Amino acid sequence: MAAEKKLKEKVEKILIYLEEKYPEAVCSLNFKNPFQLLIATILSAQCTDKRVNVVTKDLFKKYPDAFAFANADPKELQEAIRSTGFYRNKTKNIISCCRDLVKKYGGEVPQTLEELTSLAGVGRKTANVVLGDAFNIPRIVVDTHVKRLSRRLGLTREENPEKIEFDLMKIIPTERWTKFGHQMIYHGRTICKARNPKCDSCGLVEICEYPSIKEE
DNA sequence: CTCCCGATAT
DNA sequence: ATATCAGGAG
């Protein structure tokens, strides 16, 4: 099919561009083990990774593992993470999540999507971050950036993050899944921003549909 | 669909 | 003033 071939060529150009421009793209949340990445990612909901890193620096000294969070005083934890926003929900979720980790997994972080998403405050996006970056299991993380860029570039027409994830998995080679997500996020933060995207300094303008569709 | 919510850029 | 930030739960 002509349309499929065209899409395949587009994907190749995007992958080459991203690899050239962001060869070192990695997870920008600071963490030393899977558990820390899990907590940092829960905190990152509707918050910049930069802010999360400021908070987790002291947070992980006070609460080094799931056992510590499981026994945390809610008020104290709330204050510690307040600046990341949604701090009441996040506090409740983290304590509940860590109690589950202690009770069901001996304080360790499970390594399947189903087990991870069964934890409080852990949705598909968070689970995929942990699987990809802590356990090196190939995953495409569809966060707000990946969703926006994928739609602008015409890689999907879907609105639902899970559907977008499946669309992307069909057209991106498995071994690139995790890094692709990081590279899209780098690009989304610096060039293809939600507001006032810098299309003039983007090497993908020619194959991008954004200038014509303008989000819809 | 709504609610959660502080920090920052524009 | 308002949009947006590595979303998830009810």
# chains A, B, ... in the order shown; residues from 1 in each chain; ligands from 1
call {"tool": "select_by_dssp", "arguments": {"residues": "stretch 106-180 of chain A", "states": "helix (DSSP H, G or I)", "output": "JSON, numbers by chain"}}
result
{"A": [113, 114, 115, 116, 117, 124, 125, 126, 127, 128, 129, 130, 131, 132, 133, 144, 145, 146, 147, 148, 149, 150, 151, 152, 153, 161, 162, 163, 164, 165, 166, 167, 168, 169, 170, 171, 174, 175, 176, 177, 178, 179, 180]}
call {"tool": "residues_around", "arguments": {"residues": "C:DC5", "least_positions_apart": "3", "cutoff": "12 Å", "atoms": "only C-alpha atoms (C1' of nucleotides)", "output": "MDAnalysis selection string"}}
result
(chainID A and resid 43:52 84:85 143:145 188:189 193:195) or (chainID B and resid 5:9)
call {"tool": "atom_distance", "arguments": {"atom1": "atom CA of A:Arg99", "atom2": "atom CA of A:Phe86"}}
result
20.0 Å
call {"tool": "closest_residue", "arguments": {"among": "A:Ala127, A:Leu29, A:Ile164, A:Val54", "to": "chain C", "atoms": "only C-alpha atoms (C1' of nucleotides)"}}
result
A:Leu29
call {"tool": "closest_atom_pairs", "arguments": {"of": "chain C", "to": "chain A", "cutoff": "7 Å", "atoms": "only C-alpha atoms (C1' of nucleotides)", "output": "Markdown table"}}
result
| residue | atom | partner | partner_atom | distance |
| --- | --- | --- | --- | --- |
| C:DC5 | C1' | A:Cys47 | CA | 4.6 |
| C:DA6 | C1' | A:Asp143 | CA | 6.1 |
| C:DG7 | C1' | A:Ala45 | CA | 4.6 |
| C:DG8 | C1' | A:Gly121 | CA | 5.9 |
call {"tool": "residues_around", "arguments": {"residues": "A:Gly107", "least_positions_apart": "5", "cutoff": "12 Å", "atoms": "only C-alpha atoms (C1' of nucleotides)", "output": "ChimeraX atom specification"}}
result
/A:34-36,64-70,97-102
call {"tool": "closest_residue", "arguments": {"among": "A:Gln78, A:Asn160, A:Thr117, A:Asn196", "to": "chain B", "atoms": "only C-alpha atoms (C1' of nucleotides)"}}
result
A:Asn196
call {"tool": "closest_residue", "arguments": {"among": "A:Glu79, A:Glu175, A:Glu24, A:Glu114", "to": "chain B", "atoms": "only C-alpha atoms (C1' of nucleotides)"}}
result
A:Glu79
